[in-house]
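Remarks on the structure that follows.
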Amino acid sequence: KDTRKDERCFVLATGPSIKHQDLKMLQDENCIALSNFFVHPDYAIINPEYYCVAPYHPPINEDAWQNWMDEIEKNTGDAKLFFGISDKNRNETHGRFKNRDIYYLKFGRLWDRNTPRNIDISRMVPGPQSVSIMALYVALYLGFKKIYLLGCDHDWLLHINKSVHFYPEKNHSMVRSGYNEWFQEDLEGQFRDYITLWRQYKEIREIASKNSAQIFNATEGGLLDVFPRVEYEKLFDG
C-alpha cells in the first residue's frame with residue numbers, strides 16, 4: 001500500500017485508439033497493462049511493472065484460458081500480476097507463474113450507497129465490470145495521485161457483433177481457441193453492462209477525489225466521458 005505515493009501512472013487498455021498513439025513515450029513511466037496488451041509491438045520498451053487480468057467468465061472455455069495463461073506467462077516480462085482469487089487454482093494447475101510476483105484480488109462486495117473512503121485490495125472489493133476498474137483499484141491502493149487511462153475506448157456499441165482492438169483479433173490466443181465476446185442473446189445485456197460500468201467509474205472517481213487523487217482520460221476518442229480529457233502527447237512536454 002502507498003508504495004507509489006504521489007507518483008503518476010498510465011493504465012494501458014486494448015482499445016483501437018492505441019494504434020494512433022506513440023507509446024514509446026512511456027518507457028520510463030509507471031504503467032499498469034491490461035488483458036492482452038502484451039501483444040503490443042512496443043511492450044518490451046514500455047515494460048509495464050504491473051499487469052491486470054480479469055477473472056475467468058463465460059463464454060471462455062478452459063482450454064482457451066489455459067492457452068492464454070501460457071502466453072501471458074511467456075510474454076509479460078517480470079510484471080507483477082493481478083488476478084481474481086477465483087482463478088488461483090486454475091492458473092497454477094500447470095505450475096506456471098512460480099517465479100513471478102502474483103497477487104489475487106477477492107471480488108464480491110457490492111457497491112454501497114456510502115462510498116468507501118479507500119480501496120483496500122488486501123480485503124474484499126466490489127466485482128469490476130471491466131478489467132480497467134480492477135486496474136484503478138490497484139493504482140489507488142499503490143498511492144498514485146495522477147492516473148491516466150489509455151485505450152479505454154468503450155465504444156463497442158458502435159461496431160455491433162465485431163470485436164475491435166489495437167491488434168488483429170487473431171493475435172489473441174482465446175480468439176484462436178474459439179472465444180467470441182459477442183455471446184449475449186441481444187443488446188439488452190450490453191446496455192446493462194454500460195450502465196454498470198459507468199456507475200463503477202463514477203464511484204471510483206469519488207473515491208479518488210476523497211484521497212486527493214485524479215483520474216484522467218488520455219484515450220484518443222472513445223465514449224468514456226466520466227473523467228476529464230487530456231491530450232496524451234502534452235503529458236510529456238518539457
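Each chain of the C-alpha cells is named A, B, ... in the order shown, its residues numbered from 1; ligands are numbered from 1 in display order.
Taking only C-alpha atoms, the non-local environment of Thr93 in chain A within 12 Å (same-chain residues fewer than 4 positions away omitted) comprises Glu62, Gln66, Met69, Asp70, Asp87, Lys88, Asn89, Phe97 and Lys98 of chain A.
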I'd like the contact shell of Glu49 in chain A - 12 Å cut-off, only C-alpha atoms, skipping same-chain residues fewer than 6 positions apart - returned as a JSON list (two decimals) with N, CA and C atoms, in the first residue's frame.
```json
[["chain", "number", "residue", "atom", "x", "y", "z"],
["A", 4, "ARG", "N", 3.72, 3.73, -4.18],
["A", 4, "ARG", "CA", 3.91, 4.69, -5.27],
["A", 4, "ARG", "C", 3.25, 6.03, -4.94],
["A", 9, "CYS", "N", 0.76, 7.36, -13.02],
["A", 9, "CYS", "CA", 0.82, 6.11, -13.75],
["A", 9, "CYS", "C", -0.11, 6.15, -14.95],
["A", 10, "PHE", "N", 0.09, 5.19, -15.85],
["A", 10, "PHE", "CA", -0.73, 5.05, -17.04],
["A", 10, "PHE", "C", -1.34, 3.66, -17.05],
["A", 11, "VAL", "N", -2.66, 3.60, -17.27],
["A", 11, "VAL", "CA", -3.38, 2.33, -17.38],
["A", 11, "VAL", "C", -3.54, 2.04, -18.86],
["A", 12, "LEU", "N", -2.99, 0.92, -19.32],
["A", 12, "LEU", "CA", -2.91, 0.61, -20.74],
["A", 12, "LEU", "C", -3.92, -0.48, -21.12],
["A", 26, "LEU", "N", 6.26, 6.10, -23.10],
["A", 26, "LEU", "CA", 6.00, 5.58, -21.75],
["A", 26, "LEU", "C", 7.18, 4.78, -21.19],
["A", 27, "GLN", "N", 8.30, 4.79, -21.86],
["A", 27, "GLN", "CA", 9.42, 3.94, -21.49],
["A", 27, "GLN", "C", 9.83, 4.08, -20.02],
["A", 28, "ASP", "N", 9.82, 5.27, -19.51],
["A", 28, "ASP", "CA", 10.27, 5.49, -18.13],
["A", 28, "ASP", "C", 9.12, 5.82, -17.18],
["A", 29, "GLU", "N", 7.90, 5.46, -17.58],
["A", 29, "GLU", "CA", 6.71, 5.76, -16.78],
["A", 29, "GLU", "C", 6.24, 4.52, -16.02],
["A", 30, "ASN", "N", 5.46, 4.75, -14.97],
["A", 30, "ASN", "CA", 4.79, 3.66, -14.26],
["A", 30, "ASN", "C", 3.57, 3.25, -15.06],
["A", 31, "CYS", "N", 3.48, 1.97, -15.41],
["A", 31, "CYS", "CA", 2.38, 1.51, -16.25],
["A", 31, "CYS", "C", 1.72, 0.26, -15.69],
["A", 32, "ILE", "N", 0.40, 0.22, -15.84],
["A", 32, "ILE", "CA", -0.39, -0.96, -15.50],
["A", 32, "ILE", "C", -1.03, -1.44, -16.80],
["A", 33, "ALA", "N", -0.59, -2.58, -17.30],
["A", 33, "ALA", "CA", -1.12, -3.11, -18.55],
["A", 33, "ALA", "C", -2.29, -4.05, -18.26],
["A", 34, "LEU", "N", -3.18, -4.17, -19.24],
["A", 34, "LEU", "CA", -4.40, -4.95, -19.06],
["A", 34, "LEU", "C", -4.57, -6.01, -20.14],
["A", 43, "TYR", "N", 5.79, -3.40, -26.37],
["A", 43, "TYR", "CA", 5.64, -3.87, -24.99],
["A", 43, "TYR", "C", 6.99, -3.90, -24.26],
["A", 76, "THR", "N", 4.96, -11.43, -20.65],
["A", 76, "THR", "CA", 4.73, -10.22, -19.83],
["A", 76, "THR", "C", 5.96, -9.82, -19.01],
["A", 77, "GLY", "N", 7.11, -10.35, -19.38],
["A", 77, "GLY", "CA", 8.34, -9.96, -18.69],
["A", 77, "GLY", "C", 8.30, -10.31, -17.22],
["A", 78, "ASP", "N", 8.70, -9.34, -16.38],
["A", 78, "ASP", "CA", 8.70, -9.58, -14.93],
["A", 78, "ASP", "C", 7.61, -8.75, -14.25],
["A", 79, "ALA", "N", 6.57, -8.39, -15.00],
["A", 79, "ALA", "CA", 5.49, -7.57, -14.43],
["A", 79, "ALA", "C", 4.83, -8.29, -13.25],
["A", 80, "LYS", "N", 4.45, -7.52, -12.26],
["A", 80, "LYS", "CA", 3.68, -8.06, -11.14],
["A", 80, "LYS", "C", 2.25, -8.31, -11.64],
["A", 81, "LEU", "N", 1.75, -9.51, -11.40],
["A", 81, "LEU", "CA", 0.47, -9.94, -11.98],
["A", 81, "LEU", "C", -0.65, -9.86, -10.95],
["A", 82, "PHE", "N", -1.82, -9.40, -11.42],
["A", 82, "PHE", "CA", -3.02, -9.33, -10.58],
["A", 82, "PHE", "C", -4.15, -10.09, -11.26],
["A", 100, "ARG", "N", 7.15, -15.55, -10.31],
["A", 100, "ARG", "CA", 6.59, -14.23, -10.54],
["A", 100, "ARG", "C", 5.94, -13.68, -9.28],
["A", 101, "ASP", "N", 5.93, -12.35, -9.16],
["A", 101, "ASP", "CA", 5.14, -11.71, -8.11],
["A", 101, "ASP", "C", 3.70, -11.72, -8.59],
["A", 102, "ILE", "N", 2.85, -12.43, -7.88],
["A", 102, "ILE", "CA", 1.48, -12.59, -8.32],
["A", 102, "ILE", "C", 0.52, -12.36, -7.15],
["A", 138, "VAL", "N", -6.00, -1.16, -8.16],
["A", 138, "VAL", "CA", -4.57, -1.35, -7.91],
["A", 138, "VAL", "C", -3.85, 0.00, -7.85],
["A", 139, "ALA", "N", -4.16, 0.88, -8.82],
["A", 139, "ALA", "CA", -3.48, 2.17, -8.89],
["A", 139, "ALA", "C", -3.73, 3.00, -7.63]]
```
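Straight-line separation from CA of Val226 in chain A to CA of Leu197 in chain A: 10.5 Å.
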*What residues in chain A get the DSSP label alpha helix (DSSP H)? Please answer as a PyMOL selection string.*
chain A and resi 43-46+62-75+88-92+131-142+173-176+188-210
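Comparing A:Gly151, A:Gly178, A:Pro59, A:Gly95 by their smallest distance to Leu223 in chain A, the closest is A:Gly151 (using only C-alpha atoms).
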*Looking at only C-alpha atoms, which of A:Ser130, A:Glu92, A:Ser177, A:Lys24 is the one that sits closest to His57 in chain A?*
A:Ser130
